[in-house]
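Okay, so here's the structure we're looking at.
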2 protein chains.
Amino acid sequence: MTSDSAPTSERKKAVTSYDVAALAGVSQSAVSRCYKSGASVSKKMRAKVERAAKELGYEPNALARSLITSRSNSVGVIISNLTNLYYPEVLAQLSQRFFEQGIRVLLFALESESEADRALSQIWQYKVDGVVCAAKLTKEQITEFSDRGIPLLFYNRQAGSHAASAVCCDQADGSELLVKGLIRAGHTSFALLKGPADSVVGNEREESARATLAKAGISDVTELHGDFSYEGARDAIRHMMDSGIEPPDAIICVNDVSAIGAIDTLRNEFDLKVPKQVSVVGFDGVGPSRWTSFGLTTIRQPVGRMTKAAVDMILERVVTPELANEKRVFSGIFVKGSSARIVED
Amino acid sequence: MTSDSAPTSERKKAVTSYDVAALAGVSQSAVSRCYKSGASVSKKMRAKVERAAKELGYEPNALARSLITSRSNSVGVIISNLTNLYYPEVLAQLSQRFFEQGIRVLLFALESESEADRALSQIWQYKVDGVVCAAKLTKEQITEFSDRGIPLLFYNRQAGSHAASAVCCDQADGSELLVKGLIRAGHTSFALLKGPADSVVGNEREESARATLAKAGISDVTELHGDFSYEGARDAIRHMMDSGIEPPDAIICVNDVSAIGAIDTLRNEFDLKVPKQVSVVGFDGVGPSRWTSFGLTTIRQPVGRMTKAAVDMILERVVTPELANEKRVFSGIFVKGSSARIVED
DNA sequence: GCATGTTTTGACTTCGAATGCAGAAATTCG
DNA sequence: CGAATTTCTGCATTCGAAGTCAAAACATGC
């Protein structure tokens, strides 16, 4: 109907290395070499190629390159609940750091743990060079990574005894610090606002808190069931208060958002003073924990250093696959805040 | 030193369609066809191939497929400031929805606008099928998309008169709604807490608010300079109070986080009652706006419908490139809250 | 100037899946 | 049962860049 080069609709041009080669009057190999660092190319050649490339607006096709080199220069990032206030910061930093290294980030934001399988299937197909995972994987799933030789790094999850690296914040240590401070300040009755039952991070924090209390002879701890969310914390506090229990001196929350929910509910629904009547502590150090309404006493995770470690570790293992797995644990930073009476060591 | 198949270190196997073909005793083309919907394959063939594929654990190589089909089944998502509380939700939903469609998401989380160029260069190289952009692009950058035939969709940014689709929340309409309500409630002196000067969204909200006030004969509006952040709002409020101005009846903030910062500062640093002495309204409807400490009166963006529209529109245009650009504007939802005295229409 | 050594360069093959085409098998129909 | 279709299948080629290798160009030494 129309000629091959329709005037109105622009044909996709897709400049290839052959086009550049033709224009520059050299071979395709030469063009390719110009884009490879450390290749042997004469100045004249480079100049010719660069001029031709610029004239045509040539950009190497990353797909073709990845296919032949079997390196995609991309990593997968699996995050289970992006709506948790803590993760956006992590994701932003990870993505920024990878970007600086010229690495692309394939994002998999899981809604539920059960989606992990489908995400993994996509990950295998896309031949990512490595994966940073802030979600729970089964032992089999982890094994599959090592079988395929794809470096895997967990962010704030235990790799267990399995074959994966990990970057963590020392949950136990942080909780202990907070609880000891609360004990020193003279609190005697405690409540523990837990996270979802299947959260590794939540369980670690919880158990450490409980152990520290036990060591001080306090074993009668009120358990509140939350889910890391504001609403979950609110409901837990309501439930506690409605059941006629005497409010505890201190509430240890597994994360900041829970702690904020607890504070808000105690203050606004039950007219209790925080920290005067009830001390509340959190964990994470998210942005809103610093808002003056809350001034949360918490443990801030060193996200900057943790994400840097994560990126470094993964990239090391991409370059040197035989490198053994490694686990780096970072200490959290105590934030004094004003939501709890605490006596420091 | 060692034999070709070292016993300890597992060689990467990389099962290809040829391996499957060999095991199933068929041709590579046959295997390929089994993975293409709508291809003509007999039941027997399909069964043989599927068995062989499962036995070998075959997964098609997405890179090779993309290379030949020139469809990568992936989209780029550009977000400028992920740390803004509003975007994580958008990103989570976008990524989820794309994932459901079997589309991979390449994430580009820009720190500064100037990084856009580098992100684009990666986008070209990676041959994404389309891009959703929640960041500012120059006219030239936008043009480059249409030149290359890559569908581009702006999220909450004006595409201007340029060639790109867009999904937006009606900023002007929302602001107007709030301001009218404030006026009806009898507020007479107003302050306007602005966003960063270069934010399109912020400017639209601001201008609409100002226009609505002007229509009511109120042109003397105190301008406060914020940057969408809690801290920025706090500083702006401090600055206002310290300069000895009589506090306004109402503060119109360009976004929720600013509004929260304003409320906190008014209450905690200057002992003003919100909404009794000062009404404060925000915009966005982020999670923390619903926290009882704030109970923000705001306009909630219909993120669910907006992200759905974004995904649909982009995918439509990937399949049918000649489709004209389109802009869909969604009305925000008024959230009554308790941070402002408002009289509804 | 010639033998030797060192860069450069281009022809050709490779990565792994998709597809046009032609021939083979299965199906329909007279 | 054979002819005419229709449905399958395999061969060979393609996508675009990278790497191997041997030939070509250049540099060096005597």
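In the structure tokens, the first chain shown is A, the next is B, and so on; residue numbers restart at 1 for each chain, and ligands run from 1 in the order shown.
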At a cut-off of 9 Å, list the chain B residues touching chain C, using only C-alpha atoms (C1' of nucleotides), as a list in words.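 Close enough to count are Thr16, Ser17, Tyr18, Gln28, Ser29, Ser32, Arg33, Pro60, Asn61, Ala62, Leu63, Ala64, Arg65, Ser66, Leu67, Ile68 and Thr69 of chain B.
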Preceding selection exported with N, CA and C atoms as an mmCIF file, in the first residue's frame:
data_model
loop_
_atom_site.group_PDB
_atom_site.id
_atom_site.type_symbol
_atom_site.label_atom_id
_atom_site.label_comp_id
_atom_site.auth_asym_id
_atom_site.auth_seq_id
_atom_site.Cartn_x
_atom_site.Cartn_y
_atom_site.Cartn_z
ATOM 1 N N THR B 16 19.248 -25.532 27.546
ATOM 2 C CA THR B 16 18.707 -24.761 26.428
ATOM 3 C C THR B 16 17.613 -25.551 25.724
ATOM 4 N N SER B 17 16.982 -24.880 24.804
ATOM 5 C CA SER B 17 15.906 -25.549 24.071
ATOM 6 C C SER B 17 16.475 -26.726 23.262
ATOM 7 N N TYR B 18 17.752 -26.655 22.918
ATOM 8 C CA TYR B 18 18.361 -27.759 22.180
ATOM 9 C C TYR B 18 18.465 -29.007 23.054
ATOM 10 N N GLN B 28 14.546 -28.305 17.764
ATOM 11 C CA GLN B 28 14.537 -27.136 18.633
ATOM 12 C C GLN B 28 13.318 -26.264 18.347
ATOM 13 N N SER B 29 12.960 -26.178 17.085
ATOM 14 C CA SER B 29 11.802 -25.345 16.736
ATOM 15 C C SER B 29 10.564 -25.833 17.460
ATOM 16 N N SER B 32 10.524 -24.623 20.975
ATOM 17 C CA SER B 32 10.194 -23.205 20.986
ATOM 18 C C SER B 32 8.695 -23.012 20.816
ATOM 19 N N ARG B 33 8.129 -23.721 19.882
ATOM 20 C CA ARG B 33 6.699 -23.559 19.627
ATOM 21 C C ARG B 33 5.846 -23.918 20.827
ATOM 22 N N PRO B 60 12.957 -21.079 29.536
ATOM 23 C CA PRO B 60 13.421 -20.320 28.372
ATOM 24 C C PRO B 60 14.264 -19.123 28.783
ATOM 25 N N ASN B 61 15.242 -18.823 28.004
ATOM 26 C CA ASN B 61 16.125 -17.688 28.261
ATOM 27 C C ASN B 61 15.461 -16.412 27.735
ATOM 28 N N ALA B 62 15.051 -15.587 28.681
ATOM 29 C CA ALA B 62 14.299 -14.389 28.302
ATOM 30 C C ALA B 62 15.137 -13.445 27.444
ATOM 31 N N LEU B 63 16.435 -13.445 27.641
ATOM 32 C CA LEU B 63 17.283 -12.536 26.875
ATOM 33 C C LEU B 63 17.283 -12.928 25.405
ATOM 34 N N ALA B 64 17.475 -14.204 25.165
ATOM 35 C CA ALA B 64 17.508 -14.671 23.782
ATOM 36 C C ALA B 64 16.162 -14.413 23.122
ATOM 37 N N ARG B 65 15.125 -14.692 23.865
ATOM 38 C CA ARG B 65 13.789 -14.471 23.316
ATOM 39 C C ARG B 65 13.572 -13.003 22.970
ATOM 40 N N SER B 66 13.948 -12.141 23.899
ATOM 41 C CA SER B 66 13.746 -10.717 23.667
ATOM 42 C C SER B 66 14.545 -10.248 22.464
ATOM 43 N N LEU B 67 15.720 -10.802 22.318
ATOM 44 C CA LEU B 67 16.594 -10.362 21.235
ATOM 45 C C LEU B 67 15.912 -10.593 19.892
ATOM 46 N N ILE B 68 15.367 -11.767 19.737
ATOM 47 C CA ILE B 68 14.776 -12.084 18.439
ATOM 48 C C ILE B 68 13.401 -11.455 18.253
ATOM 49 N N THR B 69 12.637 -11.377 19.324
ATOM 50 C CA THR B 69 11.292 -10.832 19.163
ATOM 51 C C THR B 69 11.257 -9.308 19.284
#
Find the residues around region 74-84 of chain A up to 9 Å (only C-alpha atoms (C1' of nucleotides) counted), leave out those fewer than 4 positions away in its own chain, and share them as a ChimeraX atom specification. /A:88,91,94-95,98,102-113,116,119,123,127-136,228-229,257,314 /B:88-89,91-92
Restricted to C-alpha atoms, what would the selected residues look like written as a compact mmCIF listing (two decimals), in the first residue's frame?
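Okay, this is what ended up in again-v2.txt:
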# COMPACT_ATOMS: atom_id res chain seq x y z
CA PRO A 88 11.25 2.10 50.83
CA LEU A 91 15.00 -0.04 48.27
CA LEU A 94 19.93 -0.30 47.05
CA SER A 95 18.68 0.89 43.74
CA PHE A 98 23.41 -0.47 42.04
CA GLY A 102 25.89 0.50 36.19
CA ILE A 103 23.76 -2.38 37.39
CA ARG A 104 20.08 -2.49 36.61
CA VAL A 105 17.56 -3.47 39.23
CA LEU A 106 14.70 -5.83 38.53
CA LEU A 107 12.15 -5.22 41.24
CA PHE A 108 9.90 -7.90 42.66
CA ALA A 109 7.54 -6.48 45.24
CA LEU A 110 5.75 -9.47 46.66
CA GLU A 111 2.39 -9.10 48.25
CA SER A 112 2.38 -12.48 49.84
CA GLU A 113 5.09 -15.01 50.46
CA ALA A 116 7.99 -15.98 45.68
CA ALA A 119 9.10 -14.25 41.07
CA ILE A 123 14.38 -14.41 37.88
CA LYS A 127 19.40 -14.43 33.98
CA VAL A 128 20.07 -11.84 36.62
CA ASP A 129 23.60 -11.84 37.96
CA GLY A 130 22.55 -11.89 41.59
CA VAL A 131 19.66 -11.38 43.96
CA VAL A 132 19.10 -9.37 47.10
CA CYS A 133 16.17 -10.78 48.99
CA ALA A 134 14.22 -9.21 51.81
CA ALA A 135 11.60 -11.92 51.95
CA LYS A 136 11.36 -15.44 53.20
CA PHE A 228 3.99 -4.48 62.26
CA SER A 229 1.22 -2.08 61.31
CA VAL A 257 5.21 1.69 63.29
CA ILE A 314 26.67 -9.29 45.85
CA PRO B 88 6.25 3.54 47.87
CA GLU B 89 2.59 2.75 47.64
CA LEU B 91 5.57 1.65 43.26
CA ALA B 92 4.29 -1.36 45.15
If I take CA of Gly195 (chain A) and CA of Gln301 (chain B), how far is one from the other in Å, to one decimal?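 Taking CA of Gly195 (chain A) as the start and CA of Gln301 (chain B) as the end point, the length is 29.1 Å.
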Output as a list of chain:residue names all residues of region 208-237 of chain A that backbone DSSP marks as helix (DSSP H, G or I).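 DSSP on the backbone gives helix (DSSP H, G or I) at A:Ser208, A:Ala209, A:Arg210, A:Ala211, A:Thr212, A:Leu213, A:Ala214, A:Lys215, A:Tyr230, A:Glu231, A:Gly232, A:Ala233, A:Arg234, A:Asp235, A:Ala236, A:Ile237.
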Using only C-alpha atoms (C1' of nucleotides), select each residue of chain D with any atom at most 8 Å away from an atom of chain B, and give the selection as a PyMOL selection string. chain D and resi 7-10+14-16
Could you check which of B:Gly38, B:Gly149, B:Gly174, B:Pro321 is closest to chain A, using only C-alpha atoms?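 Closest to chain A, using only C-alpha atoms: B:Gly149.
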Filtered DSSP result for region 210-340 of chain B, state strand (DSSP E), as a PyMOL selection string: chain B and resi 221-225+250-253+279-281+298-300+327-330+333-335
Filtering to N, CA and C atoms, could you give me those residues as a tab-separated table (two decimals), in the first residue's frame?
chain	number	residue	atom	x	y	z
B	221	VAL	N	-2.29	36.17	51.09
B	221	VAL	CA	-2.00	34.83	51.61
B	221	VAL	C	-0.54	34.74	52.02
B	222	THR	N	-0.30	34.27	53.21
B	222	THR	CA	1.08	34.11	53.67
B	222	THR	C	1.71	32.91	52.96
B	223	GLU	N	2.87	33.14	52.39
B	223	GLU	CA	3.53	32.04	51.68
B	223	GLU	C	4.59	31.41	52.55
B	224	LEU	N	4.52	30.10	52.69
B	224	LEU	CA	5.55	29.39	53.44
B	224	LEU	C	6.28	28.46	52.48
B	225	HIS	N	7.58	28.40	52.62
B	225	HIS	CA	8.35	27.60	51.67
B	225	HIS	C	8.78	26.27	52.27
B	250	ALA	N	-5.97	29.23	58.83
B	250	ALA	CA	-5.85	27.95	58.13
B	250	ALA	C	-4.55	27.89	57.35
B	251	ILE	N	-3.97	26.71	57.36
B	251	ILE	CA	-2.76	26.50	56.56
B	251	ILE	C	-3.05	25.43	55.53
B	252	ILE	N	-2.85	25.79	54.28
B	252	ILE	CA	-3.08	24.85	53.18
B	252	ILE	C	-1.71	24.29	52.79
B	253	CYS	N	-1.55	23.00	52.98
B	253	CYS	CA	-0.25	22.40	52.69
B	253	CYS	C	-0.33	21.61	51.39
B	279	SER	N	-6.59	25.60	61.35
B	279	SER	CA	-6.96	24.44	60.53
B	279	SER	C	-5.80	24.11	59.62
B	280	VAL	N	-5.56	22.83	59.43
B	280	VAL	CA	-4.48	22.41	58.53
B	280	VAL	C	-5.03	21.36	57.58
B	281	VAL	N	-4.78	21.53	56.30
B	281	VAL	CA	-5.18	20.50	55.33
B	281	VAL	C	-3.97	20.06	54.52
B	298	THR	N	-7.80	15.89	54.18
B	298	THR	CA	-6.94	15.86	53.00
B	298	THR	C	-7.70	15.35	51.79
B	299	ILE	N	-7.04	15.32	50.67
B	299	ILE	CA	-7.59	14.72	49.46
B	299	ILE	C	-6.80	13.44	49.21
B	300	ARG	N	-7.48	12.35	49.19
B	300	ARG	CA	-6.78	11.09	48.95
B	300	ARG	C	-6.77	10.79	47.47
B	327	LYS	N	-4.62	11.03	28.15
B	327	LYS	CA	-4.40	11.52	29.50
B	327	LYS	C	-5.64	11.21	30.32
B	328	ARG	N	-5.45	10.55	31.43
B	328	ARG	CA	-6.61	10.28	32.28
B	328	ARG	C	-6.44	10.98	33.60
B	329	VAL	N	-7.46	11.70	33.96
B	329	VAL	CA	-7.41	12.48	35.19
B	329	VAL	C	-8.42	11.92	36.18
B	330	PHE	N	-7.97	11.63	37.37
B	330	PHE	CA	-8.85	11.08	38.39
B	330	PHE	C	-9.11	12.12	39.48
B	333	ILE	N	-10.31	12.02	46.50
B	333	ILE	CA	-11.43	11.76	47.39
B	333	ILE	C	-11.25	12.60	48.65
B	334	PHE	N	-12.27	13.34	48.97
B	334	PHE	CA	-12.19	14.20	50.15
B	334	PHE	C	-12.23	13.36	51.42
B	335	VAL	N	-11.25	13.58	52.30
B	335	VAL	CA	-11.22	12.87	53.57
B	335	VAL	C	-11.46	13.90	54.67
List the neighbours of Thr297 (chain A) out to 7 Å using only C-alpha atoms (C1' of nucleotides); skip same-chain residues closer than 4 positions along the sequence, and give me the result as an NGL selection string. :A and (281-282 or 335-340)
Keeping only C-alpha atoms, write the selected residues as a tab-separated table (two decimals), in the first residue's frame.
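Produced file out-v2.tsv, reproduced below:
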chain	number	residue	atom	x	y	z
A	281	VAL	CA	10.09	1.57	72.57
A	282	GLY	CA	10.28	0.61	68.93
A	335	VAL	CA	18.13	6.62	69.71
A	336	LYS	CA	17.26	8.17	73.03
A	337	GLY	CA	13.96	9.76	72.05
A	338	SER	CA	11.30	10.75	74.50
A	339	SER	CA	8.83	7.91	74.40
A	340	ALA	CA	10.43	5.93	77.21
Please, what distance in Å, to one decimal, runs between CA of Glu231 (chain B) and CA of Ser293 (chain A)?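 For CA of Glu231 (chain B) relative to CA of Ser293 (chain A), the distance reads 13.1 Å.
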Atom-to-atom span, CA of Arg97 (chain B) and CA of Val311 (chain B), Å: 7.0 Å
Tell me which protein, DNA and RNA residues are within 10 Å of Arg238 (chain A), counting only C-alpha atoms (C1' of nucleotides), leaving out same-chain ones fewer than 5 positions away, and put them as a PyMOL selection string. chain A and resi 232-233+243+262+265-266+269-270
Long-range neighbours of region 302-308 of chain A as a PyMOL selection string, 7 Å cut-off, only C-alpha atoms (C1' of nucleotides), 3 positions minimum in chain: chain A and resi 90+93-94+167+311-312+332
Region 182-186 of chain B: which residues within 6 Å, counting only C-alpha atoms (C1' of nucleotides), same-chain residues fewer than 2 positions away excluded, as a list in words? Val179, Lys180, Ile342 and Val343 of chain B
